[in-house]
$ cat target_4.cif   # mmCIF, C-alpha atoms
data_data
#
loop_
_atom_site.label_atom_id
_atom_site.label_comp_id
_atom_site.auth_asym_id
_atom_site.auth_seq_id
_atom_site.Cartn_x
_atom_site.Cartn_y
_atom_site.Cartn_z
CA MET C 1 -25.28 5.74 -30.83
CA LYS C 2 -21.98 5.99 -32.63
CA ARG C 3 -21.73 9.59 -31.61
CA LEU C 4 -22.37 8.71 -28.04
CA SER C 5 -19.63 6.11 -27.91
CA LEU C 6 -17.31 8.54 -29.62
CA LEU C 7 -18.06 11.07 -26.93
CA ALA C 8 -17.53 8.45 -24.26
CA ALA C 9 -14.20 7.51 -25.81
CA ALA C 10 -13.13 11.13 -25.98
CA LEU C 11 -14.11 11.67 -22.36
CA LEU C 12 -12.26 8.55 -21.29
CA THR C 13 -9.14 9.65 -23.13
CA ALA C 14 -9.36 13.06 -21.52
CA THR C 15 -9.66 11.49 -18.08
CA VAL C 16 -6.74 9.16 -18.67
CA ALA C 17 -4.64 11.91 -20.20
CA PHE C 18 -5.09 14.24 -17.27
CA ALA C 19 -5.01 11.69 -14.46
CA GLY C 20 -1.92 10.68 -12.62
CA PRO C 21 1.35 12.31 -11.68
CA PRO C 22 4.09 12.52 -14.25
CA ALA C 23 5.40 8.99 -13.92
CA PRO C 24 7.38 7.64 -16.85
CA HIS C 25 5.89 4.83 -18.89
CA LYS C 26 7.79 1.74 -19.88
CA ASP C 27 6.24 -0.98 -22.01
CA GLY C 28 5.40 -4.03 -19.95
CA ILE C 29 3.29 -7.10 -20.46
CA GLU C 30 1.22 -5.26 -23.08
CA GLY C 31 4.26 -4.64 -25.31
CA LYS C 32 5.63 -7.00 -27.96
CA ASP C 33 9.21 -6.79 -26.79
CA TYR C 34 8.59 -7.18 -23.09
CA LYS C 35 11.12 -9.32 -21.34
CA TRP C 36 10.24 -10.09 -17.75
CA ASN C 37 12.84 -9.08 -15.20
CA ALA C 38 15.37 -7.94 -17.79
CA GLN C 39 18.67 -7.66 -15.96
CA GLU C 40 19.35 -4.03 -16.68
CA GLY C 41 19.32 -0.55 -15.19
CA GLU C 42 19.50 0.49 -11.57
CA LYS C 43 17.95 -2.78 -10.40
CA VAL C 44 21.10 -4.66 -11.36
CA GLU C 45 23.24 -2.04 -9.68
CA ALA C 46 21.15 -2.13 -6.51
CA LEU C 47 21.28 -5.92 -6.40
CA GLN C 48 25.07 -5.79 -6.53
CA LYS C 49 25.39 -3.26 -3.72
CA LYS C 50 25.65 -4.35 -0.14
CA GLY C 51 22.57 -3.07 1.65
CA ARG C 52 23.30 -1.14 4.87
CA VAL C 53 20.65 -1.66 7.55
CA LYS C 54 21.39 1.54 9.44
CA GLU C 55 21.22 3.79 6.40
CA GLY C 56 18.23 1.79 5.24
CA ALA C 57 16.33 2.71 8.40
CA GLU C 58 16.63 6.33 7.36
CA ALA C 59 15.63 5.65 3.78
CA TYR C 60 12.65 3.66 5.05
CA GLU C 61 11.22 6.55 7.03
CA VAL C 62 9.30 7.82 4.04
CA CYS C 63 7.95 4.31 3.39
CA GLY C 64 6.80 3.81 6.96
CA ALA C 65 4.00 6.36 6.75
CA CYS C 66 2.03 3.90 4.63
CA HIS C 67 3.71 0.52 5.17
CA LEU C 68 4.09 1.33 8.89
CA PRO C 69 7.39 1.47 10.76
CA SER C 70 7.00 -2.25 11.48
CA GLY C 71 6.65 -3.04 7.78
CA ALA C 72 3.30 -4.67 8.51
CA GLY C 73 1.32 -2.79 5.87
CA ARG C 74 -2.43 -2.77 6.39
CA PRO C 75 -4.74 -5.76 6.82
CA ASP C 76 -7.24 -4.07 4.49
CA GLY C 77 -4.76 -4.75 1.70
CA THR C 78 -4.15 -1.15 0.71
CA PHE C 79 -0.46 -1.53 1.48
CA PRO C 80 1.28 -4.91 1.51
CA GLN C 81 3.29 -6.30 4.37
CA LEU C 82 6.94 -5.75 3.50
CA ALA C 83 8.55 -7.37 6.53
CA GLY C 84 9.64 -10.87 5.59
CA GLN C 85 9.78 -10.23 1.85
CA HIS C 86 12.90 -11.18 -0.13
CA SER C 87 15.25 -8.25 -0.71
CA THR C 88 15.51 -9.18 -4.39
CA VAL C 89 11.74 -8.85 -4.75
CA LEU C 90 11.70 -5.54 -2.87
CA ILE C 91 14.43 -4.10 -5.08
CA LYS C 92 12.78 -5.30 -8.30
CA GLN C 93 9.39 -3.86 -7.36
CA MET C 94 10.84 -0.50 -6.27
CA ALA C 95 12.89 -0.29 -9.47
CA ASP C 96 9.90 -1.28 -11.63
CA ILE C 97 7.72 1.41 -10.05
CA ARG C 98 10.48 3.99 -10.49
CA ALA C 99 10.93 2.99 -14.12
CA GLY C 100 7.18 3.20 -14.89
CA LEU C 101 6.86 -0.52 -15.48
CA ARG C 102 4.54 -1.13 -12.53
CA ASP C 103 1.85 1.54 -12.24
CA ASN C 104 1.43 2.88 -8.75
CA PRO C 105 0.60 6.58 -8.72
CA THR C 106 0.31 6.63 -4.92
CA MET C 107 3.72 5.16 -4.28
CA TYR C 108 5.57 6.62 -7.26
CA PRO C 109 6.60 9.95 -5.65
CA PHE C 110 7.87 8.11 -2.58
CA ALA C 111 9.74 5.59 -4.68
CA ILE C 112 11.56 8.32 -6.56
CA SER C 113 12.53 10.01 -3.30
CA LEU C 114 15.14 7.30 -2.89
CA THR C 115 18.22 8.77 -4.47
CA ASP C 116 20.19 5.95 -6.03
CA PRO C 117 20.71 2.18 -6.32
CA GLN C 118 22.59 2.20 -3.02
CA GLU C 119 19.52 3.59 -1.25
CA LEU C 120 17.32 0.94 -2.84
CA ALA C 121 19.70 -1.70 -1.51
CA ASP C 122 19.76 -0.03 1.92
CA ALA C 123 15.97 0.18 2.19
CA ALA C 124 15.64 -3.46 1.14
CA ALA C 125 18.28 -4.52 3.67
CA TYR C 126 16.47 -2.65 6.43
CA ILE C 127 13.11 -4.18 5.54
CA GLN C 128 14.71 -7.60 5.53
CA SER C 129 16.00 -6.97 9.05
CA LEU C 130 12.47 -6.42 10.41
CA CYS C 131 10.73 -9.16 12.32
CA ILE C 132 7.55 -10.57 10.83
CA PRO C 133 4.43 -9.22 12.52
CA ALA C 134 2.37 -11.92 14.22
CA ASP C 135 -0.91 -10.67 12.76
CA HIS C 136 -2.05 -9.94 9.24
CA GLY C 137 -5.24 -9.76 7.21
CA LYS C 138 -6.88 -13.11 6.53
CA TYR C 139 -10.04 -14.26 4.80
CA GLU C 140 -12.76 -13.63 7.33
CA GLY C 141 -15.90 -15.17 5.87
CA LYS C 142 -17.85 -17.82 7.75
CA ASP C 143 -16.72 -20.34 5.16
CA ALA C 144 -13.05 -19.66 5.81
CA ALA C 145 -12.20 -23.32 6.44
CA ASP C 146 -13.80 -24.36 3.14
CA GLN C 147 -12.11 -21.57 1.21
CA VAL C 148 -8.72 -22.42 2.67
CA ALA C 149 -9.18 -26.10 1.82
CA LYS C 150 -10.32 -25.30 -1.72
CA GLY C 151 -7.48 -22.82 -2.10
CA LYS C 152 -4.91 -25.33 -0.90
CA GLU C 153 -5.95 -27.77 -3.58
CA LEU C 154 -5.71 -25.14 -6.31
CA TYR C 155 -2.47 -23.75 -4.94
CA GLU C 156 -0.76 -27.11 -4.91
CA LYS C 157 -1.73 -27.78 -8.51
CA GLN C 158 -0.20 -24.76 -10.16
CA CYS C 159 1.19 -22.13 -7.77
CA LEU C 160 3.40 -24.31 -5.62
CA GLU C 161 5.92 -25.01 -8.34
CA CYS C 162 7.20 -21.43 -8.25
CA HIS C 163 6.00 -20.00 -4.94
CA GLY C 164 6.97 -23.07 -2.91
CA LYS C 165 5.24 -25.56 -0.65
CA ASN C 166 4.89 -23.06 2.15
CA GLY C 167 4.51 -19.94 0.01
CA GLU C 168 8.13 -19.01 0.62
CA GLY C 169 8.86 -17.93 -2.98
CA GLN C 170 12.40 -18.03 -4.37
CA LYS C 171 14.77 -15.26 -3.54
CA ASP C 172 17.21 -15.78 -6.42
CA LYS C 173 14.39 -15.97 -8.95
CA PHE C 174 12.59 -12.84 -7.70
CA TYR C 175 9.49 -14.91 -6.79
CA PRO C 176 7.87 -13.24 -3.79
CA VAL C 177 6.98 -14.74 -0.44
CA ILE C 178 3.20 -14.94 -0.49
CA ALA C 179 2.66 -16.85 2.74
CA GLY C 180 1.25 -14.61 5.44
CA GLN C 181 0.63 -11.66 3.15
CA HIS C 182 -2.64 -9.76 3.63
CA TYR C 183 -5.53 -11.62 2.04
CA LYS C 184 -6.95 -8.56 0.33
CA TYR C 185 -3.60 -7.55 -1.11
CA LEU C 186 -3.03 -11.04 -2.53
CA LEU C 187 -6.47 -11.06 -4.09
CA ARG C 188 -5.99 -7.62 -5.63
CA GLN C 189 -2.59 -8.46 -7.08
CA MET C 190 -3.65 -11.80 -8.51
CA THR C 191 -6.69 -10.19 -10.09
CA GLU C 192 -4.56 -7.43 -11.59
CA ILE C 193 -1.99 -9.91 -12.88
CA ARG C 194 -4.74 -12.06 -14.44
CA ASP C 195 -6.35 -9.01 -16.06
CA GLY C 196 -3.10 -7.61 -17.45
CA LYS C 197 -3.16 -4.55 -15.21
CA ARG C 198 0.03 -5.31 -13.40
CA ARG C 199 2.33 -4.57 -16.27
CA ASN C 200 5.55 -5.90 -14.77
CA ALA C 201 4.03 -9.35 -14.31
CA ASN C 202 5.75 -12.55 -15.32
CA PRO C 203 4.14 -13.73 -18.60
CA ASP C 204 4.49 -17.33 -17.43
CA MET C 205 2.32 -16.52 -14.44
CA VAL C 206 -0.17 -14.57 -16.54
CA LYS C 207 -0.61 -17.64 -18.73
CA VAL C 208 -1.22 -19.85 -15.72
CA ILE C 209 -3.60 -17.51 -13.93
CA LYS C 210 -5.66 -16.40 -16.98
CA PRO C 211 -8.37 -19.09 -16.73
CA TYR C 212 -8.97 -18.66 -13.00
CA THR C 213 -12.36 -17.31 -11.86
CA ASN C 214 -12.77 -14.63 -9.20
CA GLU C 215 -14.05 -17.31 -6.82
CA GLN C 216 -10.96 -19.41 -7.35
CA LEU C 217 -8.70 -16.43 -6.69
CA VAL C 218 -10.58 -15.77 -3.46
CA ALA C 219 -9.92 -19.34 -2.36
CA ILE C 220 -6.26 -19.25 -3.33
CA SER C 221 -5.77 -15.92 -1.51
CA ALA C 222 -7.54 -17.32 1.54
CA TYR C 223 -5.14 -20.24 1.56
CA GLN C 224 -1.99 -18.21 0.97
CA SER C 225 -2.86 -15.77 3.74
CA SER C 226 -3.49 -18.68 6.09
CA LEU C 227 0.14 -19.75 5.74
CA THR C 228 2.84 -18.48 8.05
CA MET C 229 5.49 -16.30 6.53
CA PRO C 230 8.89 -17.94 6.94
CA GLY C 231 11.51 -16.03 8.92
CA SER C 232 11.86 -14.55 12.38
CA MET C 233 8.47 -13.68 13.82
CA CYS C 234 7.98 -10.73 16.13
CA LYS C 235 7.15 -11.72 19.70
CA ALA C 236 3.36 -11.68 19.86
CA LYS C 237 2.20 -9.07 22.39
CA PRO C 238 5.22 -8.36 24.57
CA ALA C 239 6.80 -6.82 21.45
CA ALA C 240 4.71 -3.68 22.05
CA ALA C 241 6.11 -3.36 25.55
CA ALA C 242 9.61 -3.84 24.19
CA THR C 243 9.33 -0.93 21.76
CA PRO C 244 11.01 1.64 24.03
CA LYS C 245 14.15 -0.47 23.74
CA LYS C 246 14.59 0.90 20.25
CA LYS C 247 16.14 4.17 21.36
CA MET E 1 -18.00 12.51 47.58
CA ASN E 2 -20.06 10.49 45.15
CA ARG E 3 -21.68 13.68 43.97
CA LEU E 4 -18.35 15.32 43.40
CA LEU E 5 -17.22 12.36 41.37
CA LEU E 6 -20.36 12.55 39.31
CA VAL E 7 -19.87 16.26 38.64
CA GLY E 8 -16.31 15.56 37.73
CA ALA E 9 -17.36 12.82 35.35
CA VAL E 10 -19.98 15.02 33.68
CA LEU E 11 -17.58 17.91 33.37
CA GLY E 12 -14.95 15.58 32.02
CA THR E 13 -17.34 14.34 29.36
CA LEU E 14 -18.39 17.86 28.39
CA VAL E 15 -14.88 19.21 28.22
CA GLY E 16 -13.55 15.98 26.78
CA MET E 17 -15.96 15.78 23.88
CA PRO E 18 -14.77 18.55 21.60
CA ALA E 19 -11.18 17.75 22.50
CA ALA E 20 -11.73 14.12 21.54
CA HIS E 21 -13.18 15.24 18.22
CA ALA E 22 -10.18 17.43 17.48
CA ALA E 23 -7.84 14.64 18.47
CA ASP E 24 -9.75 12.32 16.15
CA GLY E 25 -9.01 14.54 13.19
CA ALA E 26 -5.31 14.55 14.06
CA ALA E 27 -5.24 10.81 14.59
CA LEU E 28 -7.19 10.15 11.40
CA TYR E 29 -4.93 12.47 9.43
CA LYS E 30 -2.05 10.20 10.33
CA ASP E 31 -3.81 6.86 10.26
CA ARG E 32 -5.37 7.38 6.84
CA THR E 33 -1.87 8.23 5.57
CA CYS E 34 -2.67 11.87 4.62
CA ASN E 35 0.52 12.95 6.39
CA ALA E 36 2.65 10.86 4.05
CA CYS E 37 2.03 13.20 1.13
CA HIS E 38 0.90 16.46 2.73
CA GLY E 39 3.40 16.53 5.59
CA PRO E 40 2.94 15.96 9.34
CA ALA E 41 1.32 19.39 9.80
CA GLY E 42 -0.33 19.73 6.40
CA ASN E 43 2.06 22.41 5.25
CA LYS E 44 4.99 20.44 3.82
CA PRO E 45 3.86 18.45 0.80
CA LEU E 46 6.01 15.63 -0.53
CA MET E 47 6.01 16.98 -4.09
CA PRO E 48 6.10 20.57 -5.29
CA ASP E 49 2.83 20.03 -7.13
CA TYR E 50 0.98 18.62 -4.11
CA PRO E 51 -1.04 21.19 -2.17
CA ARG E 52 -0.49 22.67 1.28
CA ILE E 53 -3.74 22.01 3.09
CA ALA E 54 -3.15 23.37 6.61
CA GLY E 55 -5.53 26.25 7.24
CA GLN E 56 -7.59 25.57 4.11
CA ASN E 57 -11.35 26.05 4.35
CA ALA E 58 -12.94 22.95 5.84
CA LYS E 59 -15.74 22.94 3.28
CA TYR E 60 -13.31 23.08 0.41
CA ILE E 61 -11.16 20.24 1.78
CA GLU E 62 -14.26 18.17 2.38
CA LYS E 63 -15.51 18.71 -1.18
CA GLN E 64 -12.18 17.83 -2.77
CA MET E 65 -11.85 14.69 -0.68
CA GLN E 66 -15.38 13.63 -1.57
CA ASP E 67 -14.86 14.32 -5.27
CA ILE E 68 -11.54 12.50 -5.45
CA LYS E 69 -13.06 9.57 -3.59
CA SER E 70 -16.08 9.37 -5.92
CA GLY E 71 -14.01 9.95 -9.04
CA ALA E 72 -15.85 13.17 -9.88
CA ARG E 73 -12.45 14.82 -9.66
CA ALA E 74 -9.85 12.94 -11.66
CA ASN E 75 -7.47 15.65 -12.78
CA GLY E 76 -4.11 16.78 -11.48
CA ASN E 77 -2.53 14.38 -9.02
CA SER E 78 -5.81 12.97 -7.77
CA ALA E 79 -4.89 9.50 -9.05
CA ALA E 80 -2.19 9.41 -6.39
CA MET E 81 -4.75 10.15 -3.68
CA LYS E 82 -7.59 8.01 -5.01
CA GLY E 83 -5.66 4.90 -4.04
CA VAL E 84 -6.12 5.61 -0.35
CA MET E 85 -9.57 7.21 -0.33
CA HIS E 86 -11.39 3.96 0.34
CA LEU E 87 -9.78 4.15 3.79
CA VAL E 88 -11.65 7.36 4.55
CA SER E 89 -15.34 7.36 5.51
CA ASP E 90 -17.64 10.38 5.19
CA ASP E 91 -17.32 11.03 8.92
CA ASP E 92 -13.54 10.76 8.68
CA ILE E 93 -13.54 13.31 5.88
CA LYS E 94 -15.46 15.79 8.03
CA ALA E 95 -13.18 15.27 11.02
CA ILE E 96 -10.00 15.57 8.94
CA ALA E 97 -11.26 18.68 7.12
CA ASP E 98 -12.18 20.29 10.42
CA TYR E 99 -8.79 19.44 11.91
CA LEU E 100 -6.85 20.77 8.93
CA SER E 101 -8.83 24.00 8.70
CA LYS E 102 -7.68 24.87 12.21
CA LEU E 103 -3.99 24.33 11.60
CA LYS E 104 -1.62 27.19 10.96
CA PRO E 105 -1.04 27.51 7.21
#
$ encode --input "target_4.cif" --output "structure tokens"
Amino acid sequence: MKRLSLLAAALLTATVAFAGPPAPHKDGIEGKDYKWNAQEGEKVEALQKKGRVKEGAEAYEVCGACHLPSGAGRPDGTFPQLAGQHSTVLIKQMADIRAGLRDNPTMYPFAISLTDPQELADAAAYIQSLCIPADHGKYEGKDAADQVAKGKELYEKQCLECHGKNGEGQKDKFYPVIAGQHYKYLLRQMTEIRDGKRRNANPDMVKVIKPYTNEQLVAISAYQSSLTMPGSMCKAKPAAAATPKKK
Amino acid sequence: MNRLLLVGAVLGTLVGMPAAHAADGAALYKDRTCNACHGPAGNKPLMPDYPRIAGQNAKYIEKQMQDIKSGARANGNSAAMKGVMHLVSDDDIKAIADYLSKLKP
């Protein structure tokens, strides 16, 4: 039995050792000396730069293949909606992924294709200039109304204090907008934050979310995704017809 | 006249079918975000250690996609690709592999 578990451990190590592109690794929530959102490195530089929307459109091209040119992401939660997110949050998350503090092997090579803090600022400025898509992924079960109601109650107890009454977050504190984000993305991130897998998480939030059950996270995600993201919404359908205007 | 229309419709379906299948592969290649890493035509990978896949054997592409999806293959850069493989069904894999195998390397 011992031998078997040893073998399993060895195999697991081998898998972990060989998996993943060569992203750097920075100690996060699992480390003793982790300080959330330490004001250092290229993040600080990027935050001080003035983001240029036009240059940002170019920088964003590489992002658009997954997050879509509209910044809508995917309702299945694979890629979050970026349109409508605070630029501070966008810059922090890009910088954390580049620094190896938030693990994202799929996005990592794209994130490092941005050349410098100025480009981070530009990309964030461009994303912030996008209108918010009218549609996004929501909880689709038959009990949606119940889940949303249950989620609202939970949300208002503990999440509201930081993420705001309408899920608007706080730009200057790097708290993301969660209103109107894809349900499945919210659920995945909250689960990963609870389970210590999102290493750049805020320890205060980890403490709060630790005792939550999967069912409770489903309800909270259902509620959050039922909210409307604050900001300028894209015109519902006519927006598609208006696309040619771009050029 | 009616008969002509009917013939036209049948012909259209016959001719249209393989074309639609090929188009599917191209559309899927983009929609499932393959193009983001492997390039719009499968021959310009994002990173120097990502493979060119245009003109690769369909069977080989299919097997690698299946293995990365299932986790049977977990070496190299497959972790980067695993994150999107839940978007790709078995039928999608076949269509994408077929499409890629016919592209110019």
$ residues_around --input "target_4.cif" --residues "Pro69 (chain C)" --least-positions-apart "4" --cutoff "10 Å" --atoms "all atoms listed in the file" --output "short mmCIF file (atom, residue, chain, number, x, y, z; two decimals) with C-alpha atoms, in the frame of the given file"
data_model
loop_
_atom_site.label_atom_id
_atom_site.label_comp_id
_atom_site.auth_asym_id
_atom_site.auth_seq_id
_atom_site.Cartn_x
_atom_site.Cartn_y
_atom_site.Cartn_z
CA ALA C 57 16.33 2.71 8.40
CA TYR C 60 12.65 3.66 5.05
CA GLU C 61 11.22 6.55 7.03
CA VAL C 62 9.30 7.82 4.04
CA CYS C 63 7.95 4.31 3.39
CA GLY C 64 6.80 3.81 6.96
CA ALA C 65 4.00 6.36 6.75
CA GLY C 73 1.32 -2.79 5.87
CA ALA C 83 8.55 -7.37 6.53
CA ILE C 127 13.11 -4.18 5.54
CA LEU C 130 12.47 -6.42 10.41
#
$ atom_distance --input "target_4.cif" --atom1 "CA of Leu47 (chain C)" --atom2 "CA of Tyr185 (chain C)"
25.5 Å
$ closest_residue --input "target_4.cif" --among "C:Met190, C:Cys66, C:Cys234, C:Ala124" --to "chain E" --atoms "only C-alpha atoms"
C:Cys66
$ residues_around --input "target_4.cif" --residues "Ala125 (chain C)" --least-positions-apart "5" --cutoff "9 Å" --atoms "only C-alpha atoms" --output "list in words"
Lys50, Gly51, Arg52, Val53, Lys54, Gly56, Ala57, Ser87 and Leu120 of chain C
$ interface_residues --input "target_4.cif" --of "chain E" --to "chain C" --cutoff "9 Å" --atoms "all atoms listed in the file" --output "PDB file with C-alpha atoms, in the frame of the given file"
ATOM      1  CA  LYS E  30      -2.050  10.200  10.330  1.00  0.00           C
ATOM      2  CA  ASP E  31      -3.810   6.860  10.260  1.00  0.00           C
ATOM      3  CA  ARG E  32      -5.370   7.380   6.840  1.00  0.00           C
ATOM      4  CA  THR E  33      -1.870   8.230   5.570  1.00  0.00           C
ATOM      5  CA  CYS E  34      -2.670  11.870   4.620  1.00  0.00           C
ATOM      6  CA  ASN E  35       0.520  12.950   6.390  1.00  0.00           C
ATOM      7  CA  ALA E  36       2.650  10.860   4.050  1.00  0.00           C
ATOM      8  CA  CYS E  37       2.030  13.200   1.130  1.00  0.00           C
ATOM      9  CA  LEU E  46       6.010  15.630  -0.530  1.00  0.00           C
ATOM     10  CA  MET E  47       6.010  16.980  -4.090  1.00  0.00           C
ATOM     11  CA  ALA E  74      -9.850  12.940 -11.660  1.00  0.00           C
ATOM     12  CA  ASN E  75      -7.470  15.650 -12.780  1.00  0.00           C
ATOM     13  CA  GLY E  76      -4.110  16.780 -11.480  1.00  0.00           C
ATOM     14  CA  ASN E  77      -2.530  14.380  -9.020  1.00  0.00           C
ATOM     15  CA  SER E  78      -5.810  12.970  -7.770  1.00  0.00           C
ATOM     16  CA  ALA E  79      -4.890   9.500  -9.050  1.00  0.00           C
ATOM     17  CA  ALA E  80      -2.190   9.410  -6.390  1.00  0.00           C
ATOM     18  CA  MET E  81      -4.750  10.150  -3.680  1.00  0.00           C
ATOM     19  CA  LYS E  82      -7.590   8.010  -5.010  1.00  0.00           C
ATOM     20  CA  GLY E  83      -5.660   4.900  -4.040  1.00  0.00           C
ATOM     21  CA  VAL E  84      -6.120   5.610  -0.350  1.00  0.00           C
ATOM     22  CA  HIS E  86     -11.390   3.960   0.340  1.00  0.00           C
ATOM     23  CA  LEU E  87      -9.780   4.150   3.790  1.00  0.00           C
TER      24      LEU E  87
END
$ resolve_selection --input "target_4.cif" --expression "the PyMOL selection byres ((chain C and resi 222) around 7)" --output "mmCIF file with C-alpha atoms, in the coordinates of the input"
data_model
loop_
_atom_site.group_PDB
_atom_site.id
_atom_site.type_symbol
_atom_site.label_atom_id
_atom_site.label_comp_id
_atom_site.auth_asym_id
_atom_site.auth_seq_id
_atom_site.Cartn_x
_atom_site.Cartn_y
_atom_site.Cartn_z
ATOM 1 C CA LYS C 138 -6.880 -13.110 6.530
ATOM 2 C CA TYR C 139 -10.040 -14.260 4.800
ATOM 3 C CA GLN C 147 -12.110 -21.570 1.210
ATOM 4 C CA VAL C 148 -8.720 -22.420 2.670
ATOM 5 C CA GLY C 151 -7.480 -22.820 -2.100
ATOM 6 C CA TYR C 183 -5.530 -11.620 2.040
ATOM 7 C CA VAL C 218 -10.580 -15.770 -3.460
ATOM 8 C CA ALA C 219 -9.920 -19.340 -2.360
ATOM 9 C CA ILE C 220 -6.260 -19.250 -3.330
ATOM 10 C CA SER C 221 -5.770 -15.920 -1.510
ATOM 11 C CA TYR C 223 -5.140 -20.240 1.560
ATOM 12 C CA GLN C 224 -1.990 -18.210 0.970
ATOM 13 C CA SER C 225 -2.860 -15.770 3.740
ATOM 14 C CA SER C 226 -3.490 -18.680 6.090
#
$ residues_near_point --input "target_4.cif" --point "(24.8, 1.0, -2.9)" --cutoff "8 Å" --atoms "all atoms listed in the file" --output "number ranges by chain"
C: 45-46, 48-51, 116-122
$ atom_distance --input "target_4.cif" --atom1 "CA of Gln128 (chain C)" --atom2 "CA of Glu140 (chain C)"
28.2 Å
$ atom_distance --input "target_4.cif" --atom1 "CA of Ser70 (chain C)" --atom2 "CA of Ala123 (chain C)"
13.1 Å
$ resolve_selection --input "target_4.cif" --expression "the PyMOL selection byres ((chain E and resi 100) around 12)" --output "JSON, numbers by chain"
{"E": [22, 23, 24, 25, 26, 27, 28, 29, 30, 34, 35, 38, 39, 40, 41, 42, 43, 52, 53, 54, 55, 56, 57, 58, 59, 60, 61, 62, 93, 94, 95, 96, 97, 98, 99, 101, 102, 103, 104, 105]}
$ write_last_selection --input "target_4.cif" --atoms "C-alpha atoms" --output "PDB file, in the coordinates of the input"
ATOM      1  CA  ALA E  22     -10.180  17.430  17.480  1.00  0.00           C
ATOM      2  CA  ALA E  23      -7.840  14.640  18.470  1.00  0.00           C
ATOM      3  CA  ASP E  24      -9.750  12.320  16.150  1.00  0.00           C
ATOM      4  CA  GLY E  25      -9.010  14.540  13.190  1.00  0.00           C
ATOM      5  CA  ALA E  26      -5.310  14.550  14.060  1.00  0.00           C
ATOM      6  CA  ALA E  27      -5.240  10.810  14.590  1.00  0.00           C
ATOM      7  CA  LEU E  28      -7.190  10.150  11.400  1.00  0.00           C
ATOM      8  CA  TYR E  29      -4.930  12.470   9.430  1.00  0.00           C
ATOM      9  CA  LYS E  30      -2.050  10.200  10.330  1.00  0.00           C
ATOM     10  CA  CYS E  34      -2.670  11.870   4.620  1.00  0.00           C
ATOM     11  CA  ASN E  35       0.520  12.950   6.390  1.00  0.00           C
ATOM     12  CA  HIS E  38       0.900  16.460   2.730  1.00  0.00           C
ATOM     13  CA  GLY E  39       3.400  16.530   5.590  1.00  0.00           C
ATOM     14  CA  PRO E  40       2.940  15.960   9.340  1.00  0.00           C
ATOM     15  CA  ALA E  41       1.320  19.390   9.800  1.00  0.00           C
ATOM     16  CA  GLY E  42      -0.330  19.730   6.400  1.00  0.00           C
ATOM     17  CA  ASN E  43       2.060  22.410   5.250  1.00  0.00           C
ATOM     18  CA  ARG E  52      -0.490  22.670   1.280  1.00  0.00           C
ATOM     19  CA  ILE E  53      -3.740  22.010   3.090  1.00  0.00           C
ATOM     20  CA  ALA E  54      -3.150  23.370   6.610  1.00  0.00           C
ATOM     21  CA  GLY E  55      -5.530  26.250   7.240  1.00  0.00           C
ATOM     22  CA  GLN E  56      -7.590  25.570   4.110  1.00  0.00           C
ATOM     23  CA  ASN E  57     -11.350  26.050   4.350  1.00  0.00           C
ATOM     24  CA  ALA E  58     -12.940  22.950   5.840  1.00  0.00           C
ATOM     25  CA  LYS E  59     -15.740  22.940   3.280  1.00  0.00           C
ATOM     26  CA  TYR E  60     -13.310  23.080   0.410  1.00  0.00           C
ATOM     27  CA  ILE E  61     -11.160  20.240   1.780  1.00  0.00           C
ATOM     28  CA  GLU E  62     -14.260  18.170   2.380  1.00  0.00           C
ATOM     29  CA  ILE E  93     -13.540  13.310   5.880  1.00  0.00           C
ATOM     30  CA  LYS E  94     -15.460  15.790   8.030  1.00  0.00           C
ATOM     31  CA  ALA E  95     -13.180  15.270  11.020  1.00  0.00           C
ATOM     32  CA  ILE E  96     -10.000  15.570   8.940  1.00  0.00           C
ATOM     33  CA  ALA E  97     -11.260  18.680   7.120  1.00  0.00           C
ATOM     34  CA  ASP E  98     -12.180  20.290  10.420  1.00  0.00           C
ATOM     35  CA  TYR E  99      -8.790  19.440  11.910  1.00  0.00           C
ATOM     36  CA  SER E 101      -8.830  24.000   8.700  1.00  0.00           C
ATOM     37  CA  LYS E 102      -7.680  24.870  12.210  1.00  0.00           C
ATOM     38  CA  LEU E 103      -3.990  24.330  11.600  1.00  0.00           C
ATOM     39  CA  LYS E 104      -1.620  27.190  10.960  1.00  0.00           C
ATOM     40  CA  PRO E 105      -1.040  27.510   7.210  1.00  0.00           C
TER      41      PRO E 105
END
$ residues_around --input "target_4.cif" --residues "Lys69 (chain E)" --least-positions-apart "3" --cutoff "7 Å" --atoms "only C-alpha atoms" --output "PyMOL selection string"
chain E and resi 65-66+82+85
$ residues_around --input "target_4.cif" --residues "region 160-165 of chain C" --least-positions-apart "6" --cutoff "8 Å" --atoms "all atoms listed in the file" --output "VMD selection string"
chain C and resid 175 to 178
$ residues_around --input "target_4.cif" --residues "Phe174 (chain C)" --least-positions-apart "3" --cutoff "6 Å" --atoms "all atoms listed in the file" --output "list in words"
Thr88, Val89 and Lys171 of chain C
$ resolve_selection --input "target_4.cif" --expression "the PyMOL selection byres ((chain C and resi 229) around 6)" --output "list in words"
Ala179, Gly180, Thr228 and Pro230 of chain C
$ decode --input "target_4.cif" --residues "region 191-203 of chain C" --atoms "C-alpha atoms" --output "mmCIF file, in the first residue's frame"
data_model
loop_
_atom_site.group_PDB
_atom_site.id
_atom_site.type_symbol
_atom_site.label_atom_id
_atom_site.label_comp_id
_atom_site.auth_asym_id
_atom_site.auth_seq_id
_atom_site.Cartn_x
_atom_site.Cartn_y
_atom_site.Cartn_z
ATOM 1 C CA THR C 191 -14.414 28.047 -5.926
ATOM 2 C CA GLU C 192 -10.744 28.498 -6.760
ATOM 3 C CA ILE C 193 -10.379 31.354 -4.292
ATOM 4 C CA ARG C 194 -12.077 29.308 -1.555
ATOM 5 C CA ASP C 195 -9.858 26.299 -2.279
ATOM 6 C CA GLY C 196 -6.613 28.279 -2.358
ATOM 7 C CA LYS C 197 -6.032 27.684 -6.051
ATOM 8 C CA ARG C 198 -6.159 31.279 -7.072
ATOM 9 C CA ARG C 199 -2.874 32.267 -5.555
ATOM 10 C CA ASN C 200 -3.177 36.026 -5.965
ATOM 11 C CA ALA C 201 -6.384 36.104 -3.939
ATOM 12 C CA ASN C 202 -7.046 38.556 -1.158
ATOM 13 C CA PRO C 203 -6.547 36.699 2.166
#
